[in-house]
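Visitor: Next up, start.pdb (PDB, C-alpha atoms and all ligand atoms).
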```pdb
ATOM      1  CA  MET A   1      -1.746 117.027  25.605  1.00  0.00           C
ATOM      2  CA  THR A   2      -0.911 120.163  27.597  1.00  0.00           C
ATOM      3  CA  ARG A   3       2.554 120.259  29.139  1.00  0.00           C
ATOM      4  CA  LEU A   4       2.988 121.220  32.776  1.00  0.00           C
ATOM      5  CA  SER A   5       6.153 123.274  33.143  1.00  0.00           C
ATOM      6  CA  VAL A   6       7.054 123.815  36.789  1.00  0.00           C
ATOM      7  CA  ASN A   7       8.452 127.275  37.497  1.00  0.00           C
ATOM      8  CA  ILE A   8      11.091 126.743  40.192  1.00  0.00           C
ATOM      9  CA  ASN A   9      11.967 130.389  40.944  1.00  0.00           C
ATOM     10  CA  LYS A  10      10.476 130.095  44.449  1.00  0.00           C
ATOM     11  CA  ILE A  11      12.830 127.226  45.321  1.00  0.00           C
ATOM     12  CA  ALA A  12      15.757 129.515  44.567  1.00  0.00           C
ATOM     13  CA  THR A  13      14.140 132.268  46.663  1.00  0.00           C
ATOM     14  CA  LEU A  14      14.034 129.883  49.615  1.00  0.00           C
ATOM     15  CA  ARG A  15      17.622 128.786  49.068  1.00  0.00           C
ATOM     16  CA  ASN A  16      18.841 132.375  48.757  1.00  0.00           C
ATOM     17  CA  ALA A  17      17.174 133.356  52.032  1.00  0.00           C
ATOM     18  CA  ARG A  18      19.950 131.569  53.943  1.00  0.00           C
ATOM     19  CA  GLY A  19      22.839 131.364  51.494  1.00  0.00           C
ATOM     20  CA  GLY A  20      24.121 127.783  51.128  1.00  0.00           C
ATOM     21  CA  ASN A  21      22.404 125.219  48.971  1.00  0.00           C
ATOM     22  CA  MET A  22      19.215 124.193  50.759  1.00  0.00           C
ATOM     23  CA  PRO A  23      16.902 123.403  49.117  1.00  0.00           C
ATOM     24  CA  ASN A  24      19.008 122.147  46.223  1.00  0.00           C
ATOM     25  CA  LEU A  25      17.555 123.739  43.100  1.00  0.00           C
ATOM     26  CA  ILE A  26      19.156 121.300  40.685  1.00  0.00           C
ATOM     27  CA  GLN A  27      17.959 118.237  42.581  1.00  0.00           C
ATOM     28  CA  PHE A  28      14.497 119.784  42.817  1.00  0.00           C
ATOM     29  CA  ALA A  29      14.368 120.168  39.026  1.00  0.00           C
ATOM     30  CA  ILE A  30      15.455 116.551  38.571  1.00  0.00           C
ATOM     31  CA  ASP A  31      12.830 115.368  41.058  1.00  0.00           C
ATOM     32  CA  CYS A  32      10.033 117.426  39.454  1.00  0.00           C
ATOM     33  CA  GLN A  33      10.769 115.712  36.150  1.00  0.00           C
ATOM     34  CA  ASN A  34      10.857 112.290  37.803  1.00  0.00           C
ATOM     35  CA  PHE A  35       7.478 113.064  39.389  1.00  0.00           C
ATOM     36  CA  GLY A  36       5.918 113.843  36.001  1.00  0.00           C
ATOM     37  CA  ALA A  37       6.595 117.511  35.200  1.00  0.00           C
ATOM     38  CA  ASP A  38       6.810 117.974  31.429  1.00  0.00           C
ATOM     39  CA  GLY A  39       9.182 120.886  31.718  1.00  0.00           C
ATOM     40  CA  ILE A  40      11.043 123.317  33.951  1.00  0.00           C
ATOM     41  CA  THR A  41      10.737 127.098  33.749  1.00  0.00           C
ATOM     42  CA  VAL A  42      13.022 129.724  35.267  1.00  0.00           C
ATOM     43  CA  HIS A  43      13.208 133.483  35.119  1.00  0.00           C
ATOM     44  CA  PRO A  44      16.812 134.503  35.851  1.00  0.00           C
ATOM     45  CA  ARG A  45      16.163 138.174  36.681  1.00  0.00           C
ATOM     46  CA  PRO A  46      18.993 140.707  36.487  1.00  0.00           C
ATOM     47  CA  ASP A  47      18.986 141.255  40.286  1.00  0.00           C
ATOM     48  CA  GLU A  48      19.436 137.464  40.769  1.00  0.00           C
ATOM     49  CA  ARG A  49      16.987 137.476  43.654  1.00  0.00           C
ATOM     50  CA  HIS A  50      15.894 133.953  42.842  1.00  0.00           C
ATOM     51  CA  VAL A  51      17.328 131.905  39.935  1.00  0.00           C
ATOM     52  CA  THR A  52      20.788 133.180  38.950  1.00  0.00           C
ATOM     53  CA  ALA A  53      22.437 133.128  35.536  1.00  0.00           C
ATOM     54  CA  SER A  54      24.715 130.407  36.844  1.00  0.00           C
ATOM     55  CA  ASP A  55      21.700 128.332  38.020  1.00  0.00           C
ATOM     56  CA  ALA A  56      20.168 128.683  34.566  1.00  0.00           C
ATOM     57  CA  LEU A  57      23.288 127.144  33.017  1.00  0.00           C
ATOM     58  CA  ASP A  58      23.569 124.355  35.619  1.00  0.00           C
ATOM     59  CA  LEU A  59      19.922 123.487  35.018  1.00  0.00           C
ATOM     60  CA  SER A  60      20.511 123.136  31.302  1.00  0.00           C
ATOM     61  CA  LEU A  61      22.608 120.044  32.099  1.00  0.00           C
ATOM     62  CA  VAL A  62      19.812 118.257  33.966  1.00  0.00           C
ATOM     63  CA  VAL A  63      16.570 119.380  32.348  1.00  0.00           C
ATOM     64  CA  ALA A  64      15.772 116.459  30.107  1.00  0.00           C
ATOM     65  CA  GLN A  65      12.171 117.522  29.586  1.00  0.00           C
ATOM     66  CA  GLU A  66      11.400 120.908  28.068  1.00  0.00           C
ATOM     67  CA  TYR A  67      13.487 123.792  29.401  1.00  0.00           C
ATOM     68  CA  ASN A  68      11.881 127.238  29.237  1.00  0.00           C
ATOM     69  CA  ILE A  69      13.789 130.403  30.138  1.00  0.00           C
ATOM     70  CA  GLU A  70      11.743 133.561  30.626  1.00  0.00           C
ATOM     71  CA  GLY A  71      13.138 137.044  30.654  1.00  0.00           C
ATOM     72  CA  TYR A  72      13.424 140.522  29.290  1.00  0.00           C
ATOM     73  CA  PRO A  73      15.514 140.258  26.112  1.00  0.00           C
ATOM     74  CA  ASP A  74      18.626 142.250  27.069  1.00  0.00           C
ATOM     75  CA  GLU A  75      22.276 141.412  26.466  1.00  0.00           C
ATOM     76  CA  ARG A  76      22.532 139.326  29.649  1.00  0.00           C
ATOM     77  CA  TYR A  77      19.451 137.285  28.723  1.00  0.00           C
ATOM     78  CA  PHE A  78      20.860 136.481  25.292  1.00  0.00           C
ATOM     79  CA  LYS A  79      24.169 135.366  26.860  1.00  0.00           C
ATOM     80  CA  ILE A  80      22.200 132.951  29.049  1.00  0.00           C
ATOM     81  CA  LEU A  81      20.264 131.623  26.039  1.00  0.00           C
ATOM     82  CA  GLU A  82      23.446 131.127  24.020  1.00  0.00           C
ATOM     83  CA  LYS A  83      25.014 129.021  26.761  1.00  0.00           C
ATOM     84  CA  ALA A  84      21.966 127.210  28.153  1.00  0.00           C
ATOM     85  CA  LYS A  85      20.276 126.557  24.785  1.00  0.00           C
ATOM     86  CA  PRO A  86      16.788 125.961  26.255  1.00  0.00           C
ATOM     87  CA  ALA A  87      13.991 124.508  24.154  1.00  0.00           C
ATOM     88  CA  GLN A  88      11.976 127.683  24.547  1.00  0.00           C
ATOM     89  CA  ALA A  89      12.626 131.367  25.259  1.00  0.00           C
ATOM     90  CA  THR A  90       9.660 133.324  26.624  1.00  0.00           C
ATOM     91  CA  LEU A  91      10.095 137.065  26.260  1.00  0.00           C
ATOM     92  CA  VAL A  92       8.501 139.287  28.890  1.00  0.00           C
ATOM     93  CA  PRO A  93       8.413 143.098  28.900  1.00  0.00           C
ATOM     94  CA  ASP A  94       9.432 143.452  32.589  1.00  0.00           C
ATOM     95  CA  GLY A  95      11.739 146.204  33.720  1.00  0.00           C
ATOM     96  CA  PRO A  96      14.699 145.112  35.881  1.00  0.00           C
ATOM     97  CA  HIS A  97      13.164 145.715  39.348  1.00  0.00           C
ATOM     98  CA  ILE A  98       9.618 144.548  38.816  1.00  0.00           C
ATOM     99  CA  LEU A  99       8.218 142.124  41.445  1.00  0.00           C
ATOM    100  CA  THR A 100       6.535 139.763  38.966  1.00  0.00           C
ATOM    101  CA  SER A 101       5.388 139.956  35.332  1.00  0.00           C
ATOM    102  CA  SER A 102       2.126 141.855  35.389  1.00  0.00           C
ATOM    103  CA  GLU A 103       1.482 142.752  31.767  1.00  0.00           C
ATOM    104  CA  GLY A 104       2.138 141.460  28.290  1.00  0.00           C
ATOM    105  CA  TRP A 105       3.957 143.080  25.388  1.00  0.00           C
ATOM    106  CA  ASP A 106       2.561 145.935  23.396  1.00  0.00           C
ATOM    107  CA  ILE A 107       3.868 144.268  20.250  1.00  0.00           C
ATOM    108  CA  GLN A 108       3.082 147.027  17.808  1.00  0.00           C
ATOM    109  CA  LYS A 109       5.026 149.538  19.892  1.00  0.00           C
ATOM    110  CA  ASN A 110       8.017 147.173  20.186  1.00  0.00           C
ATOM    111  CA  PHE A 111       7.720 145.588  16.755  1.00  0.00           C
ATOM    112  CA  ASP A 112      11.224 146.278  15.383  1.00  0.00           C
ATOM    113  CA  PHE A 113      12.916 145.459  18.679  1.00  0.00           C
ATOM    114  CA  LEU A 114      11.044 142.164  19.010  1.00  0.00           C
ATOM    115  CA  LYS A 115      11.699 141.269  15.386  1.00  0.00           C
ATOM    116  CA  GLU A 116      15.427 141.544  16.000  1.00  0.00           C
ATOM    117  CA  CYS A 117      15.149 139.525  19.232  1.00  0.00           C
ATOM    118  CA  LEU A 118      13.168 136.756  17.531  1.00  0.00           C
ATOM    119  CA  SER A 119      15.628 136.480  14.694  1.00  0.00           C
ATOM    120  CA  LYS A 120      18.476 135.963  17.219  1.00  0.00           C
ATOM    121  CA  ILE A 121      16.430 133.364  19.115  1.00  0.00           C
ATOM    122  CA  HIS A 122      15.488 131.491  15.948  1.00  0.00           C
ATOM    123  CA  ALA A 123      19.110 131.545  14.769  1.00  0.00           C
ATOM    124  CA  LEU A 124      19.996 129.698  17.998  1.00  0.00           C
ATOM    125  CA  GLY A 125      17.401 127.048  17.136  1.00  0.00           C
ATOM    126  CA  ILE A 126      15.246 127.999  20.133  1.00  0.00           C
ATOM    127  CA  ARG A 127      11.445 128.169  20.058  1.00  0.00           C
ATOM    128  CA  SER A 128      10.148 131.680  20.731  1.00  0.00           C
ATOM    129  CA  SER A 129       7.190 132.685  22.850  1.00  0.00           C
ATOM    130  CA  LEU A 130       5.834 136.167  23.577  1.00  0.00           C
ATOM    131  CA  PHE A 131       4.013 136.977  26.815  1.00  0.00           C
ATOM    132  CA  VAL A 132       0.811 138.807  25.838  1.00  0.00           C
ATOM    133  CA  ALA A 133      -2.588 139.861  27.124  1.00  0.00           C
ATOM    134  CA  PRO A 134      -5.552 138.072  25.518  1.00  0.00           C
ATOM    135  CA  GLU A 135      -6.117 140.717  22.841  1.00  0.00           C
ATOM    136  CA  LEU A 136      -6.662 139.971  19.152  1.00  0.00           C
ATOM    137  CA  LYS A 137      -4.341 142.795  18.073  1.00  0.00           C
ATOM    138  CA  GLN A 138      -1.439 141.230  20.029  1.00  0.00           C
ATOM    139  CA  ILE A 139      -2.064 137.832  18.455  1.00  0.00           C
ATOM    140  CA  GLU A 140      -2.186 139.361  15.002  1.00  0.00           C
ATOM    141  CA  GLN A 141       1.099 141.175  15.587  1.00  0.00           C
ATOM    142  CA  ALA A 142       2.766 138.103  17.122  1.00  0.00           C
ATOM    143  CA  ALA A 143       1.890 136.130  13.990  1.00  0.00           C
ATOM    144  CA  LYS A 144       3.173 138.953  11.801  1.00  0.00           C
ATOM    145  CA  LEU A 145       6.467 138.865  13.702  1.00  0.00           C
ATOM    146  CA  GLY A 146       6.837 135.138  13.061  1.00  0.00           C
ATOM    147  CA  ALA A 147       6.827 134.138  16.738  1.00  0.00           C
ATOM    148  CA  HIS A 148       6.358 130.403  17.304  1.00  0.00           C
ATOM    149  CA  CYS A 149       4.119 130.752  20.376  1.00  0.00           C
ATOM    150  CA  ILE A 150       2.368 133.188  22.614  1.00  0.00           C
ATOM    151  CA  GLU A 151       2.083 132.878  26.380  1.00  0.00           C
ATOM    152  CA  LEU A 152      -1.265 134.269  27.503  1.00  0.00           C
ATOM    153  CA  TYR A 153      -1.032 136.318  30.682  1.00  0.00           C
ATOM    154  CA  THR A 154      -3.599 134.641  32.932  1.00  0.00           C
ATOM    155  CA  GLY A 155      -3.454 137.057  35.891  1.00  0.00           C
ATOM    156  CA  PRO A 156      -6.769 138.731  34.959  1.00  0.00           C
ATOM    157  CA  TYR A 157      -8.388 135.306  34.414  1.00  0.00           C
ATOM    158  CA  ALA A 158      -7.332 134.137  37.871  1.00  0.00           C
ATOM    159  CA  TYR A 159      -8.562 137.371  39.411  1.00  0.00           C
ATOM    160  CA  GLY A 160     -11.947 137.175  37.663  1.00  0.00           C
ATOM    161  CA  TYR A 161     -12.436 133.438  38.221  1.00  0.00           C
ATOM    162  CA  SER A 162     -14.059 133.676  41.641  1.00  0.00           C
ATOM    163  CA  GLN A 163     -16.590 136.296  40.500  1.00  0.00           C
ATOM    164  CA  ASP A 164     -17.614 134.994  37.060  1.00  0.00           C
ATOM    165  CA  ARG A 165     -15.446 132.281  35.583  1.00  0.00           C
ATOM    166  CA  ILE A 166     -17.285 132.187  32.249  1.00  0.00           C
ATOM    167  CA  ALA A 167     -16.731 135.909  31.683  1.00  0.00           C
ATOM    168  CA  ALA A 168     -13.135 135.558  32.931  1.00  0.00           C
ATOM    169  CA  VAL A 169     -12.200 132.851  30.436  1.00  0.00           C
ATOM    170  CA  GLN A 170     -14.060 134.300  27.452  1.00  0.00           C
ATOM    171  CA  PRO A 171     -11.293 136.568  26.078  1.00  0.00           C
ATOM    172  CA  TYR A 172      -8.818 133.664  26.303  1.00  0.00           C
ATOM    173  CA  ALA A 173     -11.146 131.258  24.487  1.00  0.00           C
ATOM    174  CA  LEU A 174     -11.670 133.841  21.751  1.00  0.00           C
ATOM    175  CA  VAL A 175      -8.033 134.707  21.123  1.00  0.00           C
ATOM    176  CA  SER A 176      -6.886 131.099  21.336  1.00  0.00           C
ATOM    177  CA  LYS A 177      -9.162 130.211  18.442  1.00  0.00           C
ATOM    178  CA  PHE A 178      -7.651 133.028  16.414  1.00  0.00           C
ATOM    179  CA  ALA A 179      -4.097 132.143  17.484  1.00  0.00           C
ATOM    180  CA  VAL A 180      -4.584 128.564  16.303  1.00  0.00           C
ATOM    181  CA  GLU A 181      -5.800 129.879  12.936  1.00  0.00           C
ATOM    182  CA  CYS A 182      -2.652 132.042  12.761  1.00  0.00           C
ATOM    183  CA  GLY A 183      -0.478 128.962  13.381  1.00  0.00           C
ATOM    184  CA  LEU A 184       0.726 130.104  16.815  1.00  0.00           C
ATOM    185  CA  GLY A 185       1.281 127.680  19.684  1.00  0.00           C
ATOM    186  CA  ILE A 186      -0.568 128.655  22.843  1.00  0.00           C
ATOM    187  CA  ASN A 187       1.026 128.690  26.277  1.00  0.00           C
ATOM    188  CA  ALA A 188      -0.370 130.299  29.390  1.00  0.00           C
ATOM    189  CA  GLY A 189       0.844 131.369  32.782  1.00  0.00           C
ATOM    190  CA  HIS A 190       0.506 133.494  35.875  1.00  0.00           C
ATOM    191  CA  ASP A 191      -1.655 132.850  38.924  1.00  0.00           C
ATOM    192  CA  LEU A 192      -2.880 129.508  37.612  1.00  0.00           C
ATOM    193  CA  SER A 193      -3.798 127.199  40.485  1.00  0.00           C
ATOM    194  CA  LEU A 194      -5.546 123.960  41.412  1.00  0.00           C
ATOM    195  CA  GLU A 195      -8.744 125.989  41.697  1.00  0.00           C
ATOM    196  CA  ASN A 196      -8.756 127.623  38.256  1.00  0.00           C
ATOM    197  CA  LEU A 197      -6.566 125.456  35.987  1.00  0.00           C
ATOM    198  CA  ARG A 198      -9.050 122.767  34.917  1.00  0.00           C
ATOM    199  CA  PHE A 199     -11.659 125.268  33.739  1.00  0.00           C
ATOM    200  CA  PHE A 200      -9.029 127.219  31.814  1.00  0.00           C
ATOM    201  CA  LYS A 201      -7.833 124.095  30.037  1.00  0.00           C
ATOM    202  CA  GLN A 202     -11.420 123.093  29.176  1.00  0.00           C
ATOM    203  CA  ASN A 203     -12.031 126.437  27.506  1.00  0.00           C
ATOM    204  CA  VAL A 204      -8.805 127.230  25.727  1.00  0.00           C
ATOM    205  CA  GLN A 205      -8.300 125.405  22.479  1.00  0.00           C
ATOM    206  CA  GLN A 206      -5.093 123.488  21.949  1.00  0.00           C
ATOM    207  CA  LEU A 207      -3.307 124.772  25.030  1.00  0.00           C
ATOM    208  CA  LYS A 208       0.275 123.547  24.572  1.00  0.00           C
ATOM    209  CA  GLU A 209       1.868 124.463  27.872  1.00  0.00           C
ATOM    210  CA  VAL A 210       1.194 126.060  31.226  1.00  0.00           C
ATOM    211  CA  SER A 211       4.014 127.314  33.420  1.00  0.00           C
ATOM    212  CA  ILE A 212       3.092 127.448  37.070  1.00  0.00           C
ATOM    213  CA  GLY A 213       5.171 128.503  40.045  1.00  0.00           C
ATOM    214  CA  HIS A 214       3.694 130.368  42.973  1.00  0.00           C
ATOM    215  CA  ALA A 215       0.540 128.335  43.636  1.00  0.00           C
ATOM    216  CA  LEU A 216       2.149 125.001  42.794  1.00  0.00           C
ATOM    217  CA  ILE A 217       5.102 125.485  45.136  1.00  0.00           C
ATOM    218  CA  SER A 218       2.743 126.773  47.856  1.00  0.00           C
ATOM    219  CA  ASP A 219       0.523 123.683  47.438  1.00  0.00           C
ATOM    220  CA  ALA A 220       3.619 121.488  47.729  1.00  0.00           C
ATOM    221  CA  LEU A 221       4.073 122.715  51.325  1.00  0.00           C
ATOM    222  CA  TYR A 222       0.897 120.842  52.206  1.00  0.00           C
ATOM    223  CA  TYR A 223       0.737 117.965  49.712  1.00  0.00           C
ATOM    224  CA  GLY A 224       4.410 117.386  48.902  1.00  0.00           C
ATOM    225  CA  ILE A 225       5.858 118.111  45.465  1.00  0.00           C
ATOM    226  CA  GLU A 226       5.196 114.659  43.985  1.00  0.00           C
ATOM    227  CA  ASN A 227       1.465 114.674  44.868  1.00  0.00           C
ATOM    228  CA  THR A 228       1.150 118.300  43.843  1.00  0.00           C
ATOM    229  CA  ILE A 229       2.538 117.658  40.371  1.00  0.00           C
ATOM    230  CA  HIS A 230       0.086 114.768  39.977  1.00  0.00           C
ATOM    231  CA  LEU A 231      -2.829 116.986  41.087  1.00  0.00           C
ATOM    232  CA  TYR A 232      -1.922 119.700  38.551  1.00  0.00           C
ATOM    233  CA  LYS A 233      -1.436 117.175  35.777  1.00  0.00           C
ATOM    234  CA  ARG A 234      -4.856 115.745  36.497  1.00  0.00           C
ATOM    235  CA  CYS A 235      -6.397 119.198  35.895  1.00  0.00           C
ATOM    236  CA  LEU A 236      -4.843 119.132  32.425  1.00  0.00           C
ATOM    237  CA  ILE A 237      -6.111 115.683  31.527  1.00  0.00           C
ATOM    238  CA  ASP A 238      -9.711 115.538  32.871  1.00  0.00           C
TER     239      ASP A 238
HETATM  240  N1  LIG A 301       4.725 133.232  33.146  1.00  0.00           N
HETATM  241  C1  LIG A 301       5.498 134.326  33.322  1.00  0.00           C
HETATM  242  C2  LIG A 301       5.905 135.110  32.131  1.00  0.00           C
HETATM  243  C3  LIG A 301       5.933 134.705  34.607  1.00  0.00           C
HETATM  244  O1  LIG A 301       6.702 135.783  34.759  1.00  0.00           O
HETATM  245  C4  LIG A 301       5.555 133.898  35.709  1.00  0.00           C
HETATM  246  C5  LIG A 301       6.048 134.254  37.076  1.00  0.00           C
HETATM  247  O2  LIG A 301       7.423 134.038  37.134  1.00  0.00           O
HETATM  248  C6  LIG A 301       4.743 132.779  35.472  1.00  0.00           C
HETATM  249  C7  LIG A 301       4.336 132.474  34.182  1.00  0.00           C
HETATM  250  C8  LIG A 301       4.298 131.886  36.582  1.00  0.00           C
HETATM  251  O3  LIG A 301       3.397 132.600  37.399  1.00  0.00           O
HETATM  252  P1  LIG A 301       2.989 132.014  38.816  1.00  0.00           P
HETATM  253  O4  LIG A 301       4.216 132.024  39.667  1.00  0.00           O
HETATM  254  O5  LIG A 301       1.925 132.961  39.305  1.00  0.00           O
HETATM  255  O6  LIG A 301       2.470 130.632  38.593  1.00  0.00           O
END
```
For the structure just supplied, provide its representation as structure tokens.

Guide:
Amino acid sequence: MTRLSVNINKIATLRNARGGNMPNLIQFAIDCQNFGADGITVHPRPDERHVTASDALDLSLVVAQEYNIEGYPDERYFKILEKAKPAQATLVPDGPHILTSSEGWDIQKNFDFLKECLSKIHALGIRSSLFVAPELKQIEQAAKLGAHCIELYTGPYAYGYSQDRIAAVQPYALVSKFAVECGLGINAGHDLSLENLRFFKQNVQQLKEVSIGHALISDALYYGIENTIHLYKRCLID
């Protein structure tokens, strides 16, 4: 089974546009779970332009399914992890003002730093995941670091899908096989959608989790969030 973790950053963006509490982020997370989401993902960025540190803590009280907190591993991020105690921490290499994660870690270059981060995460009893491009050298290094999972950056797959979906998925299929052999769990995220998700799942061995925000929340404007979650889950089952 592949878990569908709904990234609810965009709900906070909408709320923040007006101040106040509409839509209610916490209720939205509860409803997503009731509608079948297997998890909730947030990325409490330092500029707090969508999910805030305080939201991340409030959510920890209501996320009964898997809670995944993404972020760059700085002091603020670790404070959030210590208090929120999510099931999973996904480390991304983003600088503070980046619009959205657009590349994975160069693990070799950041090896000592990441080693220290992972040991803190593991000491908190939290599962670790590293956001990486589908490159064998990153998988090899992630395994060497003792990470529990990798999250494959699927932006290039989504971009290539409309031109040649077989070529687009090939690097992911290849590294996932190797990652499984290395004992790493495989997650994936970025630009996954109703159009490209099913084919990705069919080609990537033992995909444990996808975290999806932008397309899923956009689809919910037309189909409603309950139907949308069902449609995405169907792509992971068929
Ligand atoms: N994974 C990571 C590491 C991300 O930064 C994001 C965007 O917040 C996602 C997955 C979800 O991407 P999208 O919003 O395109 O579905």

Visitor: What are the closest atom pairs, with distances in Å to one decimal, for each residue of chain A lying within 8 Å of ligand LIG 301 (chain A), using only C-alpha atoms and all ligand atoms, rows by chain and rising residue number, as a Markdown table?

Guide:
```
| residue | atom | partner | partner_atom | distance |
| --- | --- | --- | --- | --- |
| A:Asn7 | CA | A:LIG301 | C8 | 6.3 |
| A:Asn9 | CA | A:LIG301 | O2 | 7.0 |
| A:Val42 | CA | A:LIG301 | O2 | 7.3 |
| A:His43 | CA | A:LIG301 | O2 | 6.2 |
| A:Glu70 | CA | A:LIG301 | C2 | 6.2 |
| A:Gly71 | CA | A:LIG301 | C2 | 7.6 |
| A:Thr90 | CA | A:LIG301 | C2 | 6.9 |
| A:Leu91 | CA | A:LIG301 | C2 | 7.5 |
| A:Val92 | CA | A:LIG301 | C2 | 5.9 |
| A:Thr100 | CA | A:LIG301 | O1 | 5.8 |
| A:Ser101 | CA | A:LIG301 | O1 | 4.4 |
| A:Ser102 | CA | A:LIG301 | O1 | 7.6 |
| A:Phe131 | CA | A:LIG301 | C2 | 5.9 |
| A:Glu151 | CA | A:LIG301 | C2 | 7.3 |
| A:Tyr153 | CA | A:LIG301 | N1 | 7.0 |
| A:Gly155 | CA | A:LIG301 | O5 | 7.6 |
| A:Ala188 | CA | A:LIG301 | N1 | 7.0 |
| A:Gly189 | CA | A:LIG301 | C7 | 3.9 |
| A:His190 | CA | A:LIG301 | O3 | 3.4 |
| A:Asp191 | CA | A:LIG301 | O5 | 3.6 |
| A:Leu192 | CA | A:LIG301 | O6 | 5.6 |
| A:Ser193 | CA | A:LIG301 | O6 | 7.4 |
| A:Val210 | CA | A:LIG301 | C7 | 7.7 |
| A:Ser211 | CA | A:LIG301 | C7 | 5.2 |
| A:Ile212 | CA | A:LIG301 | O6 | 3.6 |
| A:Gly213 | CA | A:LIG301 | O4 | 3.7 |
| A:His214 | CA | A:LIG301 | O4 | 3.7 |
| A:Ala215 | CA | A:LIG301 | O6 | 5.9 |
| A:Leu216 | CA | A:LIG301 | O6 | 7.0 |
```

Visitor: Could you write those residues out with C-alpha atoms, as a tab-separated table (two decimals), in the coordinates of the input?

Guide:
```tsv
chain	number	residue	atom	x	y	z
A	7	ASN	CA	8.45	127.28	37.50
A	9	ASN	CA	11.97	130.39	40.94
A	42	VAL	CA	13.02	129.72	35.27
A	43	HIS	CA	13.21	133.48	35.12
A	70	GLU	CA	11.74	133.56	30.63
A	71	GLY	CA	13.14	137.04	30.65
A	90	THR	CA	9.66	133.32	26.62
A	91	LEU	CA	10.10	137.06	26.26
A	92	VAL	CA	8.50	139.29	28.89
A	100	THR	CA	6.54	139.76	38.97
A	101	SER	CA	5.39	139.96	35.33
A	102	SER	CA	2.13	141.85	35.39
A	131	PHE	CA	4.01	136.98	26.82
A	151	GLU	CA	2.08	132.88	26.38
A	153	TYR	CA	-1.03	136.32	30.68
A	155	GLY	CA	-3.45	137.06	35.89
A	188	ALA	CA	-0.37	130.30	29.39
A	189	GLY	CA	0.84	131.37	32.78
A	190	HIS	CA	0.51	133.49	35.88
A	191	ASP	CA	-1.66	132.85	38.92
A	192	LEU	CA	-2.88	129.51	37.61
A	193	SER	CA	-3.80	127.20	40.48
A	210	VAL	CA	1.19	126.06	31.23
A	211	SER	CA	4.01	127.31	33.42
A	212	ILE	CA	3.09	127.45	37.07
A	213	GLY	CA	5.17	128.50	40.04
A	214	HIS	CA	3.69	130.37	42.97
A	215	ALA	CA	0.54	128.34	43.64
A	216	LEU	CA	2.15	125.00	42.79
```

Visitor: Using the chain letters and residue numbers of this document, give as a PDB file with C-alpha atoms, in the frame of the given file the residues selected by the PyMOL selection byres (((chain A and resi 148) around 6) and not hetatm).

Guide:
```
ATOM      1  CA  SER A 128      10.148 131.680  20.731  1.00  0.00           C
ATOM      2  CA  ALA A 147       6.827 134.138  16.738  1.00  0.00           C
ATOM      3  CA  CYS A 149       4.119 130.752  20.376  1.00  0.00           C
ATOM      4  CA  LEU A 184       0.726 130.104  16.815  1.00  0.00           C
TER       5      LEU A 184
END
```

Visitor: Given only C-alpha atoms as the basis, pick out the residue of A:Cys117, A:Val51, A:Leu194, A:Leu221 nearest to A:Lys233.

Guide: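 For A:Lys233, the nearest of the candidates is A:Leu194.
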
Visitor: What residues come out when you apply the PyMOL selection byres (((chain A and resi 139) around 9) and not hetatm) to this file, written as a ChimeraX atom specification?

Guide: /A:107,132-138,140-144,150,175-176,178-179,182,184

Visitor: Print the selection's residues with C-alpha atoms to a file, as a PDB file, in the coordinates of the input.

Guide:
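Final output, saved to again-v1.pdb:
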```pdb
ATOM      1  CA  ILE A 107       3.868 144.268  20.250  1.00  0.00           C
ATOM      2  CA  VAL A 132       0.811 138.807  25.838  1.00  0.00           C
ATOM      3  CA  ALA A 133      -2.588 139.861  27.124  1.00  0.00           C
ATOM      4  CA  PRO A 134      -5.552 138.072  25.518  1.00  0.00           C
ATOM      5  CA  GLU A 135      -6.117 140.717  22.841  1.00  0.00           C
ATOM      6  CA  LEU A 136      -6.662 139.971  19.152  1.00  0.00           C
ATOM      7  CA  LYS A 137      -4.341 142.795  18.073  1.00  0.00           C
ATOM      8  CA  GLN A 138      -1.439 141.230  20.029  1.00  0.00           C
ATOM      9  CA  GLU A 140      -2.186 139.361  15.002  1.00  0.00           C
ATOM     10  CA  GLN A 141       1.099 141.175  15.587  1.00  0.00           C
ATOM     11  CA  ALA A 142       2.766 138.103  17.122  1.00  0.00           C
ATOM     12  CA  ALA A 143       1.890 136.130  13.990  1.00  0.00           C
ATOM     13  CA  LYS A 144       3.173 138.953  11.801  1.00  0.00           C
ATOM     14  CA  ILE A 150       2.368 133.188  22.614  1.00  0.00           C
ATOM     15  CA  VAL A 175      -8.033 134.707  21.123  1.00  0.00           C
ATOM     16  CA  SER A 176      -6.886 131.099  21.336  1.00  0.00           C
ATOM     17  CA  PHE A 178      -7.651 133.028  16.414  1.00  0.00           C
ATOM     18  CA  ALA A 179      -4.097 132.143  17.484  1.00  0.00           C
ATOM     19  CA  CYS A 182      -2.652 132.042  12.761  1.00  0.00           C
ATOM     20  CA  LEU A 184       0.726 130.104  16.815  1.00  0.00           C
TER      21      LEU A 184
END
```

Visitor: May I ask for the distance between atom CA of A:Gln33 and atom CA of A:Ala87, given in Å to one decimal place?

Guide: 15.2 Å

Visitor: Mind telling me what the PyMOL selection byres (((chain A and resi 165) around 12) and not hetatm) catches here, as a ChimeraX atom specification?

Guide: /A:156-164,166-173,195-200,202-203

Visitor: Using all atoms listed in the file, pick whichever of A:Ser119, A:Ser54, A:Ser218, A:Gln65 has the shortest atom-to-atom distance to A:Phe35.

Guide: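 Closest to A:Phe35 of all the choices is A:Gln65.
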
Visitor: Leaving out A:Met1 and any residue of its chain fewer than 4 positions from it, which residues lie within 10 Å of it when counting all atoms listed in the file, given as a compact mmCIF listing (two decimals) with C-alpha atoms, keeping the file's coordinate frame?

Guide:
```
# COMPACT_ATOMS: atom_id res chain seq x y z
CA GLN A 206 -5.09 123.49 21.95
CA LEU A 207 -3.31 124.77 25.03
CA LYS A 208 0.28 123.55 24.57
CA GLU A 209 1.87 124.46 27.87
CA LEU A 236 -4.84 119.13 32.42
CA ILE A 237 -6.11 115.68 31.53
```
